[in-house]
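Here the structure is laid out as structure tokens; the discussion comes afterwards.
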Amino acid sequence: MQMISFRALVDNYGAMVLGTAVRILGDSERAQDVHQEVFLAIWQRWHKFNGQTNWGAYLYRATVRKAIDFAKRSRKTPQVERSQTDLVSMEEPDVPLLRAELREKLVRCLGKLPKRQAEVFVLSRIECLEGEKIAEILGCSHQTVRVHLHRAMKRLAGELEDYLS
Amino acid sequence: MNSHEKINKMLVGLALGELTEEQKSTIEKHLSECDRCRRELKRLKALLECAGSMSGLSADERSCKSARQAVLAAVAGGEKAARPGQVFTGEVLWKRLIQSRTARLAAAAVFVIILWAAIMRPQGLSRNNKWWMQSSTAWGQEILEALDTIKGACCRERTVFIMSDGSRNTFGTWDILCVSRDSCRRDIYDNDVLRETQWYVPEGNNMIQTGVRFDPASYSVCRHQGGFGNHDPVERMRFYVMVLEKSNNKRLLGEREIEGRPCVGFEVNASEYGDNPEWWLDRIWFDIDTKLPVLREHERPCPQDKVQPDCQPCIRIQDQFDYEPKLPADAFVPDIPEG
């Protein structure tokens, strides 16, 4: 019985978990690892879930946390700062690399934020969910979501100052 | 709280499009006078743009299927022998292994392969071994480990334009880039004349950039916070090795001698990373013996199927790599002329 229910959970929410992880991490390989870890963590505690779990909300939170954790653990990638006195115009070929690296930096910076701020930022700006839906997922008010989003953006813009300028 | 602070707190709301027309006009008036807030708003917008570019990604059907199978297979493996929660214990896995005939056969096959590899190993380590023919995961890791041991490196970086008649024209401005474990230096030349030197040296938690630019009969100095980042050739090579390691579409360019060293090269489309068009190419050549990169070419040809009148094909080249160079002790100490 447990197996049937668990299989249904994977079938119903697997694509959502994988999609969220891909959007955060930018690659399918690590996203699949996140998918696996999220569901296996649930399976290992399966007997503790009492049938009242809001799986959509639970899996969103678990996926966001796990994906950010994965990004933090990833190997070092090139930094992308550019010197402000760089007068050589030949920088252009590397701009797309900069964009990809900026995403990676952003996700790593999310790991420095308080958990709630990071979750709100991802759900709002990457998952493009409405404030009400985010409030439901996180179990807080719409106003709290808004405050977390503002704080997250301020903090991220500061942390990524060298990259966003 | 003064008006600047009040308005600064509203910038996020402005970037998110949450403000009323009245609030917007108040902020816009302030922005026309406040450079700091203008810069912050620009950063906030860039942040939203970056996050927005991530929201467009999605998982393909094949990945969904494969991820689903992986989870269910792992769980099914434990279900027969154990309760949830015990699924990955060594005991359970071992029981599964010895109970399954297929698993026993697979284990025997693995043993034979390992034995064969051990016998072939001496030849494998010889110069004749074409390590690049093996799995890119294996040699990719070896190259990354080799790069990790590098304490310092220098290389030349220049740009070559490809003219309409096929001839090549090397751009007169070129760089010598040097990095140590924690500091960097960039010498920028106009033809044979040193035009500018930039040092990137850590101070506390910050990286401080100092630049000295030489103009005819004068020079200028600037000093501020800023990292070497994108110019670090070792870090760039690490990135490209990771791209090559993961890519299923890389092309082997074969073997060739570069700067007197036997080398092997790979080519990969720049679309494998970032949002680059697929006609941009990266070619990386590795020393066969040391496995260290010796040449990188980033080529931007014009697309053949699209007309782009302003397109100027070019190749960015990093070559003349010198790992562990013998640099003067003060190579990374900013040298500001007196007077």
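FYI, nothing fancy with the structure tokens labels: chains A, B, ... in order, residues from 1 per chain, ligands from 1 as they appear.
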Would you list, as a PDB file with N, CA and C atoms, in the first residue's frame, the residues of range 229-300 of chain B that end up in strand (DSSP E or B) under DSSP run on this structure's backbone?
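Generated file (states25.pdb):
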ATOM      1  N   ARG B 251      33.865  17.575 -30.367  1.00  0.00           N
ATOM      2  CA  ARG B 251      34.521  16.918 -31.508  1.00  0.00           C
ATOM      3  C   ARG B 251      36.023  16.812 -31.221  1.00  0.00           C
ATOM      4  N   LEU B 252      36.550  15.646 -31.489  1.00  0.00           N
ATOM      5  CA  LEU B 252      37.985  15.441 -31.316  1.00  0.00           C
ATOM      6  C   LEU B 252      38.685  16.031 -32.530  1.00  0.00           C
ATOM      7  N   LEU B 253      39.624  16.933 -32.305  1.00  0.00           N
ATOM      8  CA  LEU B 253      40.318  17.584 -33.423  1.00  0.00           C
ATOM      9  C   LEU B 253      41.576  16.828 -33.830  1.00  0.00           C
ATOM     10  N   GLY B 254      41.959  15.859 -33.028  1.00  0.00           N
ATOM     11  CA  GLY B 254      43.149  15.070 -33.358  1.00  0.00           C
ATOM     12  C   GLY B 254      44.377  15.577 -32.629  1.00  0.00           C
ATOM     13  N   GLU B 255      45.526  15.106 -33.095  1.00  0.00           N
ATOM     14  CA  GLU B 255      46.786  15.445 -32.439  1.00  0.00           C
ATOM     15  C   GLU B 255      47.565  16.442 -33.300  1.00  0.00           C
ATOM     16  N   ARG B 256      48.315  17.290 -32.625  1.00  0.00           N
ATOM     17  CA  ARG B 256      49.121  18.271 -33.366  1.00  0.00           C
ATOM     18  C   ARG B 256      50.174  18.840 -32.408  1.00  0.00           C
ATOM     19  N   GLU B 257      51.264  19.298 -32.968  1.00  0.00           N
ATOM     20  CA  GLU B 257      52.307  19.870 -32.122  1.00  0.00           C
ATOM     21  C   GLU B 257      52.049  21.368 -31.948  1.00  0.00           C
ATOM     22  N   ILE B 258      52.040  21.803 -30.705  1.00  0.00           N
ATOM     23  CA  ILE B 258      51.855  23.233 -30.437  1.00  0.00           C
ATOM     24  C   ILE B 258      52.974  23.675 -29.508  1.00  0.00           C
ATOM     25  N   ARG B 261      55.125  21.010 -28.255  1.00  0.00           N
ATOM     26  CA  ARG B 261      54.601  19.949 -27.391  1.00  0.00           C
ATOM     27  C   ARG B 261      53.521  19.157 -28.138  1.00  0.00           C
ATOM     28  N   PRO B 262      53.515  17.829 -27.979  1.00  0.00           N
ATOM     29  CA  PRO B 262      52.444  17.047 -28.602  1.00  0.00           C
ATOM     30  C   PRO B 262      51.127  17.336 -27.887  1.00  0.00           C
ATOM     31  N   CYS B 263      50.125  17.662 -28.673  1.00  0.00           N
ATOM     32  CA  CYS B 263      48.861  18.082 -28.059  1.00  0.00           C
ATOM     33  C   CYS B 263      47.687  17.376 -28.717  1.00  0.00           C
ATOM     34  N   VAL B 264      46.591  17.362 -27.990  1.00  0.00           N
ATOM     35  CA  VAL B 264      45.344  16.838 -28.532  1.00  0.00           C
ATOM     36  C   VAL B 264      44.269  17.907 -28.296  1.00  0.00           C
ATOM     37  N   GLY B 265      43.394  18.059 -29.282  1.00  0.00           N
ATOM     38  CA  GLY B 265      42.415  19.151 -29.189  1.00  0.00           C
ATOM     39  C   GLY B 265      40.976  18.680 -29.282  1.00  0.00           C
ATOM     40  N   PHE B 266      40.112  19.475 -28.683  1.00  0.00           N
ATOM     41  CA  PHE B 266      38.669  19.233 -28.776  1.00  0.00           C
ATOM     42  C   PHE B 266      37.990  20.531 -29.196  1.00  0.00           C
ATOM     43  N   GLU B 267      36.877  20.360 -29.868  1.00  0.00           N
ATOM     44  CA  GLU B 267      36.067  21.523 -30.236  1.00  0.00           C
ATOM     45  C   GLU B 267      34.665  21.317 -29.688  1.00  0.00           C
ATOM     46  N   VAL B 268      34.095  22.374 -29.181  1.00  0.00           N
ATOM     47  CA  VAL B 268      32.741  22.272 -28.632  1.00  0.00           C
ATOM     48  C   VAL B 268      31.984  23.541 -29.008  1.00  0.00           C
ATOM     49  N   ASN B 269      30.708  23.406 -29.283  1.00  0.00           N
ATOM     50  CA  ASN B 269      29.902  24.584 -29.590  1.00  0.00           C
ATOM     51  C   ASN B 269      29.709  25.410 -28.324  1.00  0.00           C
ATOM     52  N   LEU B 281      32.305  28.754 -31.528  1.00  0.00           N
ATOM     53  CA  LEU B 281      33.044  27.521 -31.233  1.00  0.00           C
ATOM     54  C   LEU B 281      34.159  27.769 -30.222  1.00  0.00           C
ATOM     55  N   ASP B 282      34.439  26.763 -29.425  1.00  0.00           N
ATOM     56  CA  ASP B 282      35.608  26.800 -28.545  1.00  0.00           C
ATOM     57  C   ASP B 282      36.481  25.607 -28.868  1.00  0.00           C
ATOM     58  N   ARG B 283      37.769  25.886 -29.034  1.00  0.00           N
ATOM     59  CA  ARG B 283      38.715  24.787 -29.257  1.00  0.00           C
ATOM     60  C   ARG B 283      39.766  24.833 -28.145  1.00  0.00           C
ATOM     61  N   ILE B 284      39.947  23.725 -27.508  1.00  0.00           N
ATOM     62  CA  ILE B 284      40.924  23.667 -26.412  1.00  0.00           C
ATOM     63  C   ILE B 284      41.897  22.539 -26.714  1.00  0.00           C
ATOM     64  N   TRP B 285      43.181  22.877 -26.609  1.00  0.00           N
ATOM     65  CA  TRP B 285      44.235  21.893 -26.880  1.00  0.00           C
ATOM     66  C   TRP B 285      44.983  21.605 -25.588  1.00  0.00           C
ATOM     67  N   PHE B 286      45.215  20.306 -25.349  1.00  0.00           N
ATOM     68  CA  PHE B 286      45.883  19.879 -24.120  1.00  0.00           C
ATOM     69  C   PHE B 286      47.225  19.230 -24.447  1.00  0.00           C
ATOM     70  N   ASP B 287      48.198  19.490 -23.595  1.00  0.00           N
ATOM     71  CA  ASP B 287      49.481  18.783 -23.695  1.00  0.00           C
ATOM     72  C   ASP B 287      49.218  17.310 -23.387  1.00  0.00           C
ATOM     73  N   PRO B 293      46.118  22.420 -20.290  1.00  0.00           N
ATOM     74  CA  PRO B 293      45.750  23.131 -21.517  1.00  0.00           C
ATOM     75  C   PRO B 293      46.894  24.012 -22.013  1.00  0.00           C
ATOM     76  N   VAL B 294      47.061  24.080 -23.324  1.00  0.00           N
ATOM     77  CA  VAL B 294      48.118  24.919 -23.891  1.00  0.00           C
ATOM     78  C   VAL B 294      47.565  25.970 -24.858  1.00  0.00           C
ATOM     79  N   LEU B 295      46.362  25.786 -25.304  1.00  0.00           N
ATOM     80  CA  LEU B 295      45.807  26.738 -26.267  1.00  0.00           C
ATOM     81  C   LEU B 295      44.285  26.708 -26.184  1.00  0.00           C
ATOM     82  N   ARG B 296      43.716  27.912 -26.170  1.00  0.00           N
ATOM     83  CA  ARG B 296      42.252  27.989 -26.244  1.00  0.00           C
ATOM     84  C   ARG B 296      41.883  28.995 -27.321  1.00  0.00           C
ATOM     85  N   GLU B 297      40.964  28.612 -28.163  1.00  0.00           N
ATOM     86  CA  GLU B 297      40.489  29.528 -29.199  1.00  0.00           C
ATOM     87  C   GLU B 297      38.973  29.629 -29.085  1.00  0.00           C
ATOM     88  N   HIS B 298      38.501  30.840 -28.965  1.00  0.00           N
ATOM     89  CA  HIS B 298      37.048  31.070 -28.943  1.00  0.00           C
ATOM     90  C   HIS B 298      36.711  31.767 -30.259  1.00  0.00           C
ATOM     91  N   GLU B 299      36.050  31.064 -31.139  1.00  0.00           N
ATOM     92  CA  GLU B 299      35.803  31.609 -32.482  1.00  0.00           C
ATOM     93  C   GLU B 299      34.357  32.045 -32.633  1.00  0.00           C
ATOM     94  N   ARG B 300      34.197  33.238 -33.170  1.00  0.00           N
ATOM     95  CA  ARG B 300      32.855  33.748 -33.444  1.00  0.00           C
ATOM     96  C   ARG B 300      32.728  34.037 -34.934  1.00  0.00           C
TER      97      ARG B 300
END
For this session: Determine which residues of chain B sit within 8 Å of chain A, taking into account only C-alpha atoms, and present them as a PyMOL selection string.
Result: chain B and resi 12-13+39-40+42-44+46-48+50-52+54-59+63-64+67-68+70-72+75+79+84-87+159+173+209+211+226-232+235-236+238-239+273-276+298+300+316
For this session: as a count of residues only, please: all residues of range 100-330 of chain B that backbone DSSP puts in helix (DSSP H, G or I).
Result: 60
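Taking CA of Asn191 in chain B and CA of Arg168 in chain B as endpoints, the distance between them is 15.9 Å.
Nearest-residue note for Phe214 in chain B: choosing from B:Trp139, B:Tyr189, B:Trp174, B:Phe111, the minimum distance belongs to B:Tyr189, counting only C-alpha atoms.
Here CA of Ile113 in chain B stands at a distance of 21.7 Å from CA of Gly140 in chain B.
The neighbours of Gln143 in chain A here are the residues that come within 12 Å of it, using only C-alpha atoms and leaving out any residue fewer than 5 positions away in the same chain; they are A:Val120, A:Gly131, A:Glu132, A:Ile134, A:Ala135, A:Glu136, A:His148, A:Leu149, A:His150.
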For this session: May I have the residues within 10 Å of Leu41 in chain B as a list in words, using only C-alpha atoms and disregarding those fewer than 6 positions away in the same chain?
Result: Ala157 of chain A; Asn8, Met10, Leu11, Val12, Leu14, Ala15, Leu31, Asp35 and Leu47 of chain B
Output file for the selection above: N, CA and C atoms, as a PDB file, in the first residue's frame:
ATOM      1  N   ALA A 157      20.954  41.973  -4.558  1.00  0.00           N
ATOM      2  CA  ALA A 157      21.522  43.060  -5.373  1.00  0.00           C
ATOM      3  C   ALA A 157      22.825  43.552  -4.755  1.00  0.00           C
TER       4      ALA A 157
ATOM      5  N   ASN B   8      15.044  55.111  -1.463  1.00  0.00           N
ATOM      6  CA  ASN B   8      15.868  53.909  -1.670  1.00  0.00           C
ATOM      7  C   ASN B   8      15.115  52.647  -1.262  1.00  0.00           C
ATOM      8  N   MET B  10      12.076  52.187  -1.604  1.00  0.00           N
ATOM      9  CA  MET B  10      10.983  51.912  -2.555  1.00  0.00           C
ATOM     10  C   MET B  10      11.503  51.361  -3.892  1.00  0.00           C
ATOM     11  N   LEU B  11      12.819  51.279  -4.020  1.00  0.00           N
ATOM     12  CA  LEU B  11      13.369  50.871  -5.325  1.00  0.00           C
ATOM     13  C   LEU B  11      12.975  49.449  -5.720  1.00  0.00           C
ATOM     14  N   VAL B  12      12.926  48.557  -4.718  1.00  0.00           N
ATOM     15  CA  VAL B  12      12.536  47.177  -5.019  1.00  0.00           C
ATOM     16  C   VAL B  12      11.106  47.167  -5.560  1.00  0.00           C
ATOM     17  N   LEU B  14       9.629  49.538  -7.072  1.00  0.00           N
ATOM     18  CA  LEU B  14       9.626  50.090  -8.439  1.00  0.00           C
ATOM     19  C   LEU B  14      10.067  49.019  -9.437  1.00  0.00           C
ATOM     20  N   ALA B  15      11.147  48.298  -9.088  1.00  0.00           N
ATOM     21  CA  ALA B  15      11.636  47.249  -9.996  1.00  0.00           C
ATOM     22  C   ALA B  15      10.587  46.161 -10.192  1.00  0.00           C
ATOM     23  N   LEU B  31      15.624  59.928  -8.907  1.00  0.00           N
ATOM     24  CA  LEU B  31      16.623  59.175  -9.682  1.00  0.00           C
ATOM     25  C   LEU B  31      17.419  60.083 -10.616  1.00  0.00           C
ATOM     26  N   ASP B  35      22.749  59.342  -8.313  1.00  0.00           N
ATOM     27  CA  ASP B  35      23.467  58.311  -9.067  1.00  0.00           C
ATOM     28  C   ASP B  35      23.435  56.968  -8.336  1.00  0.00           C
ATOM     29  N   LEU B  47      18.991  41.869 -11.758  1.00  0.00           N
ATOM     30  CA  LEU B  47      18.711  40.683 -10.937  1.00  0.00           C
ATOM     31  C   LEU B  47      17.416  40.014 -11.391  1.00  0.00           C
TER      32      LEU B  47
END
